[in-house]
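For reference, structure-v8.tsv (TSV, C-alpha atoms):
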```tsv
chain	number	residue	atom	x	y	z
A	30	MET	CA	-12.34	3.99	-4.45
A	31	VAL	CA	-16.01	3.34	-5.26
A	32	THR	CA	-17.59	2.24	-8.52
A	33	LYS	CA	-20.02	4.87	-9.73
A	34	MET	CA	-23.21	3.30	-11.09
A	35	GLY	CA	-23.66	6.03	-13.70
A	36	THR	CA	-20.44	5.10	-15.42
A	37	VAL	CA	-20.91	1.33	-15.40
A	38	PRO	CA	-22.79	0.92	-18.74
A	39	PHE	CA	-20.15	2.94	-20.59
A	40	SER	CA	-17.31	1.13	-18.82
A	41	LEU	CA	-18.84	-2.23	-19.65
A	42	ALA	CA	-19.03	-1.24	-23.33
A	43	ALA	CA	-15.28	-0.52	-23.32
A	44	MET	CA	-14.46	-3.71	-21.45
A	45	ILE	CA	-16.57	-5.77	-23.88
A	46	VAL	CA	-14.55	-4.36	-26.78
A	47	GLY	CA	-11.26	-4.92	-24.96
A	48	ALA	CA	-11.97	-8.47	-23.86
A	49	LEU	CA	-14.10	-9.97	-26.62
A	50	THR	CA	-12.65	-8.47	-29.83
A	51	PRO	CA	-9.28	-10.33	-29.71
A	52	PHE	CA	-11.12	-13.52	-28.76
A	53	ALA	CA	-13.60	-13.17	-31.63
A	54	PHE	CA	-10.84	-12.39	-34.14
A	55	ALA	CA	-8.83	-15.38	-32.90
A	56	VAL	CA	-11.84	-17.67	-33.42
A	57	ALA	CA	-12.38	-16.20	-36.91
A	58	ILE	CA	-8.69	-16.77	-37.76
A	59	PHE	CA	-8.80	-20.39	-36.62
A	60	SER	CA	-12.04	-20.94	-38.52
A	61	ASP	CA	-10.59	-19.41	-41.70
A	62	GLY	CA	-7.45	-21.58	-41.62
A	63	ASN	CA	-5.67	-19.69	-44.42
A	64	TRP	CA	-4.94	-16.50	-42.50
A	65	PHE	CA	-1.30	-15.88	-41.53
A	66	PHE	CA	0.18	-13.23	-39.23
A	67	ASP	CA	2.21	-10.53	-41.00
A	68	GLU	CA	0.95	-11.73	-44.40
A	69	ASN	CA	-2.81	-11.15	-44.28
A	70	MET	CA	-4.65	-8.06	-43.13
A	71	LEU	CA	-7.46	-8.54	-40.61
A	72	SER	CA	-9.79	-7.24	-43.32
A	73	ASP	CA	-9.04	-10.39	-45.33
A	74	LEU	CA	-11.27	-12.20	-42.86
A	75	GLY	CA	-14.14	-10.08	-44.19
A	76	VAL	CA	-13.80	-11.70	-47.64
A	77	SER	CA	-12.97	-15.17	-46.30
A	78	SER	CA	-14.30	-18.21	-48.14
A	79	ASP	CA	-15.40	-19.52	-44.74
A	80	ASP	CA	-18.86	-18.12	-43.95
A	81	PHE	CA	-18.47	-18.36	-40.19
A	82	ALA	CA	-15.14	-16.47	-40.21
A	83	ARG	CA	-16.55	-13.78	-42.50
A	84	ASN	CA	-19.74	-13.26	-40.50
A	85	LEU	CA	-17.91	-13.33	-37.17
A	86	PHE	CA	-15.42	-10.70	-38.36
A	87	MET	CA	-18.15	-8.42	-39.69
A	88	ALA	CA	-20.32	-8.83	-36.57
A	89	THR	CA	-17.37	-8.20	-34.27
A	90	CYS	CA	-16.48	-5.00	-36.10
A	91	ILE	CA	-20.07	-3.72	-35.94
A	92	ILE	CA	-20.59	-4.64	-32.27
A	93	GLY	CA	-17.13	-3.34	-31.39
A	94	GLY	CA	-17.84	-0.09	-33.22
A	95	VAL	CA	-21.16	0.40	-31.41
A	96	CYS	CA	-19.52	-0.31	-28.04
A	97	THR	CA	-16.62	2.04	-28.83
A	98	ALA	CA	-19.06	4.79	-29.77
A	99	ILE	CA	-21.09	4.18	-26.57
A	100	PHE	CA	-17.94	4.36	-24.44
A	101	GLY	CA	-16.79	7.51	-26.24
A	102	PHE	CA	-20.22	9.09	-25.75
A	103	GLY	CA	-20.09	8.25	-22.04
A	104	LYS	CA	-16.64	9.75	-21.71
A	105	LEU	CA	-17.82	12.83	-23.59
A	106	MET	CA	-20.81	13.30	-21.28
A	107	ILE	CA	-19.22	12.37	-17.94
A	108	LYS	CA	-15.72	13.82	-18.22
A	109	HIS	CA	-14.43	17.27	-19.04
A	110	LYS	CA	-11.85	19.02	-21.24
A	111	LEU	CA	-9.20	16.63	-22.61
A	112	ASP	CA	-11.04	13.52	-21.45
A	113	ALA	CA	-14.18	14.70	-23.26
A	114	ALA	CA	-12.12	15.42	-26.39
A	115	SER	CA	-10.73	11.89	-26.23
A	116	GLY	CA	-14.31	10.60	-25.97
A	117	PHE	CA	-15.36	12.64	-29.01
A	118	PHE	CA	-12.67	11.02	-31.16
A	119	LEU	CA	-13.67	7.60	-29.78
A	120	VAL	CA	-17.23	8.19	-31.03
A	121	ILE	CA	-15.90	8.97	-34.52
A	122	ALA	CA	-13.58	5.94	-34.37
A	123	GLY	CA	-16.57	3.77	-33.42
A	124	ILE	CA	-18.54	5.00	-36.43
A	125	PHE	CA	-15.61	4.18	-38.73
A	126	LEU	CA	-15.32	0.71	-37.16
A	127	ILE	CA	-19.02	0.11	-37.84
A	128	ALA	CA	-18.35	1.08	-41.48
A	129	VAL	CA	-15.46	-1.43	-41.57
A	130	GLY	CA	-17.91	-4.12	-40.48
A	131	LEU	CA	-20.65	-3.10	-42.92
A	132	PHE	CA	-18.46	-2.86	-46.03
A	133	ASP	CA	-15.89	-5.53	-46.95
A	134	LYS	CA	-12.38	-4.77	-48.20
A	135	THR	CA	-13.39	-4.72	-51.87
A	136	THR	CA	-15.25	-1.44	-51.37
A	137	THR	CA	-13.85	2.09	-51.31
A	138	VAL	CA	-15.72	2.88	-48.09
A	139	HIS	CA	-13.75	0.15	-46.31
A	140	SER	CA	-10.39	1.35	-47.59
A	141	ILE	CA	-11.16	4.82	-46.23
A	142	SER	CA	-12.81	3.72	-42.98
A	143	ALA	CA	-10.11	1.29	-41.81
A	144	PRO	CA	-7.17	3.76	-41.81
A	145	MET	CA	-9.41	6.50	-40.42
A	146	TYR	CA	-10.41	4.23	-37.52
A	147	PHE	CA	-6.76	3.75	-36.53
A	148	PHE	CA	-6.03	7.45	-37.02
A	149	MET	CA	-8.94	8.49	-34.79
A	150	MET	CA	-7.91	5.95	-32.15
A	151	LEU	CA	-4.35	7.30	-32.26
A	152	ILE	CA	-5.61	10.86	-31.70
A	153	SER	CA	-7.89	9.69	-28.88
A	154	MET	CA	-5.06	7.76	-27.20
A	155	CYS	CA	-2.66	10.72	-27.44
A	156	ILE	CA	-5.25	13.10	-25.95
A	157	SER	CA	-6.05	10.54	-23.25
A	158	LEU	CA	-2.33	10.29	-22.42
A	159	PHE	CA	-2.19	13.99	-21.58
A	160	ALA	CA	-5.56	13.89	-19.81
A	161	ASP	CA	-4.49	10.98	-17.59
A	162	SER	CA	-1.18	12.66	-16.83
A	163	GLY	CA	-2.89	15.93	-15.95
A	164	ASN	CA	-5.45	14.22	-13.69
A	165	LYS	CA	-2.79	12.09	-11.93
A	166	ARG	CA	-4.19	8.80	-13.27
A	167	TYR	CA	-0.70	7.42	-13.67
A	168	LEU	CA	-1.58	3.72	-14.00
A	169	THR	CA	-3.93	4.44	-16.89
A	170	MET	CA	-1.27	6.68	-18.39
A	171	SER	CA	1.25	3.82	-18.18
A	172	VAL	CA	-1.05	1.49	-20.11
A	173	THR	CA	-1.50	4.17	-22.79
A	174	VAL	CA	2.30	4.47	-23.03
A	175	ILE	CA	2.61	0.67	-23.38
A	176	ALA	CA	-0.07	0.57	-26.09
A	177	LEU	CA	1.41	3.46	-28.08
A	178	PHE	CA	4.95	2.06	-27.73
A	179	MET	CA	3.82	-1.34	-28.99
A	180	CYS	CA	2.13	0.22	-32.05
A	181	PHE	CA	5.16	2.30	-33.06
A	182	ALA	CA	7.84	-0.25	-32.10
A	183	ALA	CA	6.20	-2.85	-34.34
A	184	MET	CA	6.58	-0.68	-37.44
A	185	PRO	CA	10.27	-1.30	-38.29
A	186	GLY	CA	10.06	-5.10	-38.14
A	187	PHE	CA	6.66	-6.01	-39.54
A	188	THR	CA	4.62	-5.29	-42.64
A	189	ILE	CA	1.48	-3.14	-42.36
A	190	ALA	CA	-0.50	-6.38	-41.89
A	191	GLY	CA	1.48	-7.32	-38.78
A	192	VAL	CA	1.41	-3.80	-37.39
A	193	GLU	CA	-2.38	-3.77	-37.81
A	194	VAL	CA	-2.81	-6.91	-35.68
A	195	ILE	CA	-0.45	-5.65	-32.96
A	196	SER	CA	-2.20	-2.26	-32.98
A	197	VAL	CA	-5.62	-3.89	-32.59
A	198	CYS	CA	-4.34	-5.90	-29.60
A	199	ALA	CA	-2.83	-2.74	-28.07
A	200	ILE	CA	-6.07	-0.81	-28.65
A	201	CYS	CA	-8.11	-3.59	-27.01
A	202	LEU	CA	-5.81	-3.54	-23.97
A	203	TRP	CA	-6.14	0.24	-23.81
A	204	MET	CA	-9.93	0.15	-24.15
A	205	PHE	CA	-10.24	-2.40	-21.34
A	206	VAL	CA	-8.12	-0.32	-18.96
A	207	GLN	CA	-9.91	2.89	-19.98
A	208	GLY	CA	-13.20	1.20	-19.14
A	209	LEU	CA	-11.90	0.24	-15.72
A	210	SER	CA	-10.52	3.74	-15.23
A	211	LEU	CA	-13.86	5.34	-16.08
A	212	SER	CA	-15.65	2.98	-13.72
A	213	PHE	CA	-13.39	3.82	-10.79
A	214	SER	CA	-12.67	7.45	-11.67
A	215	ASN	CA	-12.49	9.92	-8.81
A	216	ASP	CA	-13.34	12.97	-10.90
A	217	TYR	CA	-16.79	11.62	-11.79
A	218	ASN	CA	-19.35	14.42	-11.89
A	219	ALA	CA	-22.76	13.26	-10.65
A	220	GLU	CA	-24.36	16.44	-12.05
A	221	SER	CA	-23.70	15.22	-15.57
A	222	ASP	CA	-25.81	12.17	-14.79
A	223	ASN	CA	-28.68	14.37	-13.67
A	224	ARG	CA	-28.20	16.54	-16.75
A	225	MET	CA	-28.40	13.49	-19.03
A	226	VAL	CA	-31.59	12.31	-17.28
A	227	SER	CA	-33.23	15.74	-17.48
A	228	GLU	CA	-32.37	16.09	-21.16
B	23	MET	CA	17.17	12.83	4.27
B	24	SER	CA	14.41	10.25	4.89
B	25	GLU	CA	15.12	6.56	4.56
B	26	MET	CA	14.54	4.94	1.19
B	27	PRO	CA	11.26	2.93	1.14
B	28	ASN	CA	11.73	-0.85	1.00
B	29	THR	CA	9.35	-1.03	-1.95
B	30	MET	CA	11.91	0.92	-3.98
B	31	LYS	CA	14.52	-1.73	-3.21
B	32	ILE	CA	12.08	-4.38	-4.48
B	33	GLY	CA	11.53	-2.32	-7.63
B	34	MET	CA	15.26	-1.98	-8.14
B	35	ALA	CA	15.74	-5.74	-7.71
B	36	ALA	CA	12.90	-6.51	-10.14
B	37	ALA	CA	14.35	-4.17	-12.76
B	38	PHE	CA	17.86	-5.64	-12.33
B	39	ILE	CA	16.51	-9.17	-12.75
B	40	GLY	CA	14.70	-7.99	-15.89
B	41	ALA	CA	17.88	-6.45	-17.28
B	42	VAL	CA	19.92	-9.59	-16.59
B	43	CYS	CA	17.23	-11.77	-18.24
B	44	ALA	CA	17.28	-9.51	-21.31
B	45	PHE	CA	21.10	-9.77	-21.42
B	46	ILE	CA	20.86	-13.57	-21.28
B	47	ALA	CA	18.33	-13.47	-24.12
B	48	MET	CA	20.69	-11.19	-26.05
B	49	ALA	CA	23.58	-13.61	-25.63
B	50	SER	CA	21.48	-16.59	-26.65
B	51	ILE	CA	20.05	-14.93	-29.78
B	52	TRP	CA	23.50	-14.02	-31.16
B	53	THR	CA	24.43	-16.60	-33.80
B	54	GLY	CA	27.69	-15.03	-34.95
B	55	GLU	CA	26.07	-13.84	-38.18
B	56	ILE	CA	25.28	-10.29	-39.14
B	57	ASP	CA	21.60	-11.18	-39.69
B	58	SER	CA	21.05	-11.75	-35.98
B	59	LEU	CA	22.17	-8.21	-35.10
B	60	GLY	CA	18.66	-6.78	-35.34
B	61	LEU	CA	17.30	-9.15	-32.71
B	62	VAL	CA	20.40	-8.60	-30.55
B	63	GLY	CA	19.68	-4.88	-30.75
B	64	VAL	CA	16.09	-5.38	-29.58
B	65	ASP	CA	17.27	-7.40	-26.57
B	66	MET	CA	19.95	-4.83	-25.82
B	67	ALA	CA	17.33	-2.05	-25.88
B	68	VAL	CA	15.15	-3.99	-23.43
B	69	ALA	CA	18.14	-4.59	-21.12
B	70	VAL	CA	19.20	-0.95	-21.22
B	71	ILE	CA	15.67	0.29	-20.43
B	72	PHE	CA	15.42	-2.11	-17.49
B	73	PHE	CA	18.82	-0.92	-16.23
B	74	GLY	CA	17.51	2.63	-16.55
B	75	VAL	CA	14.47	1.74	-14.43
B	76	ALA	CA	16.74	0.08	-11.84
B	77	GLY	CA	18.88	3.19	-11.70
B	78	SER	CA	15.80	5.34	-11.17
B	79	PHE	CA	14.84	3.38	-8.04
B	80	THR	CA	17.94	4.57	-6.19
B	81	SER	CA	18.75	7.43	-3.82
B	82	TYR	CA	19.32	10.63	-5.83
B	83	SER	CA	17.24	9.36	-8.74
B	84	PRO	CA	17.89	11.48	-11.82
B	85	VAL	CA	14.24	11.57	-12.90
B	86	LYS	CA	10.81	12.47	-11.51
B	87	GLY	CA	8.60	9.84	-9.88
B	88	THR	CA	6.16	9.84	-12.78
B	89	THR	CA	9.01	9.43	-15.27
B	90	ILE	CA	9.93	6.14	-13.60
B	91	MET	CA	6.40	4.96	-14.41
B	92	VAL	CA	6.79	5.95	-18.06
B	93	LEU	CA	10.20	4.22	-18.22
B	94	SER	CA	8.71	1.09	-16.65
B	95	ALA	CA	5.82	1.19	-19.13
B	96	ILE	CA	8.28	1.46	-22.03
B	97	ALA	CA	10.25	-1.48	-20.59
B	98	THR	CA	7.04	-3.52	-20.41
B	99	GLY	CA	6.06	-2.61	-23.97
B	100	ALA	CA	9.58	-3.36	-25.22
B	101	SER	CA	9.49	-6.79	-23.55
B	102	ILE	CA	6.18	-7.64	-25.25
B	103	ILE	CA	7.39	-6.38	-28.64
B	104	GLY	CA	10.67	-8.30	-28.15
B	105	GLY	CA	8.62	-11.44	-27.63
B	106	ILE	CA	6.55	-10.76	-30.77
B	107	TYR	CA	9.70	-10.12	-32.83
B	108	GLY	CA	11.11	-13.44	-31.57
B	109	ALA	CA	14.11	-11.74	-29.97
B	110	ILE	CA	13.06	-12.94	-26.52
B	111	PRO	CA	11.60	-16.43	-25.89
B	112	ALA	CA	7.85	-16.22	-25.19
B	113	ALA	CA	8.10	-17.36	-21.55
B	114	ALA	CA	10.91	-14.89	-20.88
B	115	ALA	CA	8.91	-12.09	-22.54
B	116	VAL	CA	5.93	-12.80	-20.26
B	117	PHE	CA	8.27	-12.86	-17.23
B	118	LEU	CA	9.85	-9.55	-18.27
B	119	ALA	CA	6.42	-8.00	-18.84
B	120	ILE	CA	5.38	-9.07	-15.32
B	121	LEU	CA	8.57	-7.52	-13.90
B	122	GLY	CA	7.77	-4.34	-15.84
B	123	VAL	CA	4.26	-4.24	-14.38
B	124	VAL	CA	5.75	-4.73	-10.88
B	125	CYS	CA	8.01	-1.73	-11.53
B	126	ILE	CA	5.00	0.32	-12.71
B	127	LEU	CA	3.02	-0.55	-9.58
B	128	ILE	CA	5.93	0.26	-7.27
B	129	ALA	CA	6.61	3.54	-9.07
B	130	ASN	CA	2.91	4.41	-8.65
B	131	LEU	CA	3.13	4.19	-4.85
B	132	GLY	CA	2.88	7.53	-3.12
B	133	SER	CA	5.87	6.77	-0.89
B	134	THR	CA	8.07	6.10	-3.94
B	135	ARG	CA	6.99	9.25	-5.76
B	136	ASP	CA	7.41	11.41	-2.66
B	137	TYR	CA	10.88	10.00	-1.92
B	138	VAL	CA	12.10	10.32	-5.50
B	139	ASP	CA	10.69	13.82	-5.97
B	140	SER	CA	12.24	15.05	-2.72
B	141	ASN	CA	15.68	13.47	-3.25
B	142	ARG	CA	16.32	13.54	-6.98
B	143	VAL	CA	19.44	15.34	-8.08
B	144	ILE	CA	18.17	17.05	-11.23
```

Written form, structure tokens:
Amino acid sequence: MVTKMGTVPFSLAAMIVGALTPFAFAVAIFSDGNWFFDENMLSDLGVSSDDFARNLFMATCIIGGVCTAIFGFGKLMIKHKLDAASGFFLVIAGIFLIAVGLFDKTTTVHSISAPMYFFMMLISMCISLFADSGNKRYLTMSVTVIALFMCFAAMPGFTIAGVEVISVCAICLWMFVQGLSLSFSNDYNAESDNRMVSE
Amino acid sequence: MSEMPNTMKIGMAAAFIGAVCAFIAMASIWTGEIDSLGLVGVDMAVAVIFFGVAGSFTSYSPVKGTTIMVLSAIATGASIIGGIYGAIPAAAAVFLAILGVVCILIANLGSTRDYVDSNRVI
């Protein structure tokens, strides 16, 4: 298995989201001090009285959204069929995540963007599940199953605030593994690289 | 019939250990009050899924090779969620998740998938 250089920037974008987002949110939560799991939404950090927590949350959402969109664009360009469809929904999810970072929870845009981000990610993950299964990428498929199971299994026992946090962690895990998968994918099409350069 | 790969025996052992750990967690979380039933149910679900994975790593497995991976993934996810719910102690949840990942990796081996797909009864 060889890493394909053409996929590395897009893979790195996904791995940055997967690795740094939970870390940044954790720092923001510790800085805020009044945020509690299963009581507060993550969006509450965006209206925190602590400037550092508020700015870190907003910046993380914007950077995470840009990286998600870049990864989705890469998947859309490099892969085909279901994988490309998954990438398309990732691009839309990234745009919604940027909107979450630009507008705090007191605005209508935020209250539309936040649920839409999770909905688009759910669609992308479901499509990716079938794509991975069809292309015999069973390890990646397993991680998608774990992430989806965690999101749905959390619903009976936690409030929407708790489910949101668990879902974000599951999504970050999924993004990281998807980045690795894209980097080491066997069905990489070098022609798409040439096509991107020529365009 | 070809001989069962040794890796499958390791997978079976890992899944059995996971199931026993989940049973121990289930016994320890039961307080004798009706309120603890929810957490007992979560532990029981984790134990049953791990037993299912262990049963899949046998001769005449009832499921396809890829289905064992999905079952192992669900067992891993259930262990993590059990830890978040507080039904399983954090250290035990991490241990169970590691066992689940071991099962996933073993189920992903070509020798395991070939053996299971050629010998399964259904």

- Query: Near region 87-103 of chain B, counting all atoms listed in the file, which residues have an atom at most 8 Å away, once you skip same-chain residues fewer than 3 positions from it, shown as a PyMOL selection string?
  - Reply: (chain A and resi 167+171-172+174-176+178-179+182-183) or (chain B and resi 67-68+71-72+74-75+78-79+106-107+110+115-116+118-123+125-126+129-130+134-136+138-139)

- Which of A:Ile200, A:Leu168, A:Ala53, A:Ala190 sits closest to chain B [using all atoms listed in the file]: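 Residue with the minimum atom-to-atom distance to chain B: A:Leu168.
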
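Across the structure, CA of Tyr137 (chain B) and CA of Leu209 (chain A) are spaced 28.4 Å apart.
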
- Message: Show me, as a VMD selection string, the residues that have an atom within 8 Å of Phe45 (chain B) when counting only C-alpha atoms, minus same-chain residues fewer than 3 positions from it.
- Response: chain B and resid 41 to 42 48 to 49 65 to 66 69

Non-local contacts of region 134-150 of chain A (12 Å; only C-alpha atoms; under 3 positions in same chain excluded) as a short mmCIF file (atom, residue, chain, number, x, y, z; two decimals) with C-alpha atoms, keeping the file's coordinate frame:
```cif
data_model
loop_
_atom_site.label_atom_id
_atom_site.label_comp_id
_atom_site.auth_asym_id
_atom_site.auth_seq_id
_atom_site.Cartn_x
_atom_site.Cartn_y
_atom_site.Cartn_z
CA MET A 70 -4.65 -8.06 -43.13
CA LEU A 71 -7.46 -8.54 -40.61
CA SER A 72 -9.79 -7.24 -43.32
CA ASP A 73 -9.04 -10.39 -45.33
CA LEU A 74 -11.27 -12.20 -42.86
CA GLY A 75 -14.14 -10.08 -44.19
CA VAL A 76 -13.80 -11.70 -47.64
CA SER A 77 -12.97 -15.17 -46.30
CA ARG A 83 -16.55 -13.78 -42.50
CA PHE A 86 -15.42 -10.70 -38.36
CA MET A 87 -18.15 -8.42 -39.69
CA CYS A 90 -16.48 -5.00 -36.10
CA GLY A 93 -17.13 -3.34 -31.39
CA GLY A 94 -17.84 -0.09 -33.22
CA THR A 97 -16.62 2.04 -28.83
CA ALA A 98 -19.06 4.79 -29.77
CA GLY A 101 -16.79 7.51 -26.24
CA ALA A 114 -12.12 15.42 -26.39
CA SER A 115 -10.73 11.89 -26.23
CA GLY A 116 -14.31 10.60 -25.97
CA PHE A 117 -15.36 12.64 -29.01
CA PHE A 118 -12.67 11.02 -31.16
CA LEU A 119 -13.67 7.60 -29.78
CA VAL A 120 -17.23 8.19 -31.03
CA ILE A 121 -15.90 8.97 -34.52
CA ALA A 122 -13.58 5.94 -34.37
CA GLY A 123 -16.57 3.77 -33.42
CA ILE A 124 -18.54 5.00 -36.43
CA PHE A 125 -15.61 4.18 -38.73
CA LEU A 126 -15.32 0.71 -37.16
CA ILE A 127 -19.02 0.11 -37.84
CA ALA A 128 -18.35 1.08 -41.48
CA VAL A 129 -15.46 -1.43 -41.57
CA GLY A 130 -17.91 -4.12 -40.48
CA LEU A 131 -20.65 -3.10 -42.92
CA SER A 153 -7.89 9.69 -28.88
CA MET A 154 -5.06 7.76 -27.20
CA CYS A 155 -2.66 10.72 -27.44
CA ILE A 156 -5.25 13.10 -25.95
CA SER A 157 -6.05 10.54 -23.25
CA THR A 173 -1.50 4.17 -22.79
CA ALA A 176 -0.07 0.57 -26.09
CA LEU A 177 1.41 3.46 -28.08
CA CYS A 180 2.13 0.22 -32.05
CA ILE A 189 1.48 -3.14 -42.36
CA VAL A 192 1.41 -3.80 -37.39
CA GLU A 193 -2.38 -3.77 -37.81
CA VAL A 194 -2.81 -6.91 -35.68
CA ILE A 195 -0.45 -5.65 -32.96
CA SER A 196 -2.20 -2.26 -32.98
CA VAL A 197 -5.62 -3.89 -32.59
CA ALA A 199 -2.83 -2.74 -28.07
CA ILE A 200 -6.07 -0.81 -28.65
CA CYS A 201 -8.11 -3.59 -27.01
CA TRP A 203 -6.14 0.24 -23.81
CA MET A 204 -9.93 0.15 -24.15
#
```

- Message: Quick check, in Å to one decimal: how far apart do CA of Thr36 (chain A) and CA of Phe102 (chain A) lie?
- Response: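 It comes out at 11.1 Å.
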
- Have a look at CA of Ile45 (chain A) and CA of Ile58 (chain A) and let me know their distance in Å, one decimal. 19.4 Å

- Which of A:Ser78, A:Leu151, A:Phe205, A:Phe66 sits closest to chain B [using only C-alpha atoms]: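 Ranked by minimum distance to chain B, first place goes to A:Phe66.
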
- Note on the structure: From the list A:Phe159, A:Phe100, A:Phe213, A:Phe187, the nearest residue to chain B using only C-alpha atoms is A:Phe187

- Item | Exercise: residues within 8 Å of coordinate (9.6, 2.1, -3.1), counting all atoms listed in the file, as a PyMOL selection string | chain B and resi 26-33+79+128-129+131+133-134

- Query: Near Pro38 (chain A), within 9 Å and counting only C-alpha atoms, which residues show up once chain neighbours fewer than 5 positions away are dropped, as an NGL selection string?
  - Reply: :A and (43 or 99-100 or 103 or 212)

Please dump the current selection as a PDB file, in the coordinates of the input; keep C-alpha atoms.
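Output (out_27.pdb):
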```pdb
ATOM      1  CA  ALA A  43     -15.280  -0.520 -23.320  1.00  0.00           C
ATOM      2  CA  ILE A  99     -21.090   4.180 -26.570  1.00  0.00           C
ATOM      3  CA  PHE A 100     -17.940   4.360 -24.440  1.00  0.00           C
ATOM      4  CA  GLY A 103     -20.090   8.250 -22.040  1.00  0.00           C
ATOM      5  CA  SER A 212     -15.650   2.980 -13.720  1.00  0.00           C
TER       6      SER A 212
END
```

- Note on the structure: Judged by only C-alpha atoms, the minimum distance to chain A among B:Ala114, B:Gly60, B:Phe73, B:Ser81 is found for B:Gly60

- When distances are computed from all atoms listed in the file, which of A:Met44, A:Met170, A:Leu211, A:Val206 shows the smallest separation from chain B?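 Closest residue, counting all atoms listed in the file: A:Met170.
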
- Query: When distances are computed from only C-alpha atoms, which of B:Ala35, B:Ser140, B:Cys43, B:Leu127 shows the smallest separation from Gly77 (chain B)?
  - Reply: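 Ranking B:Ala35, B:Ser140, B:Cys43, B:Leu127 by distance to Gly77 (chain B), first place goes to B:Ala35.
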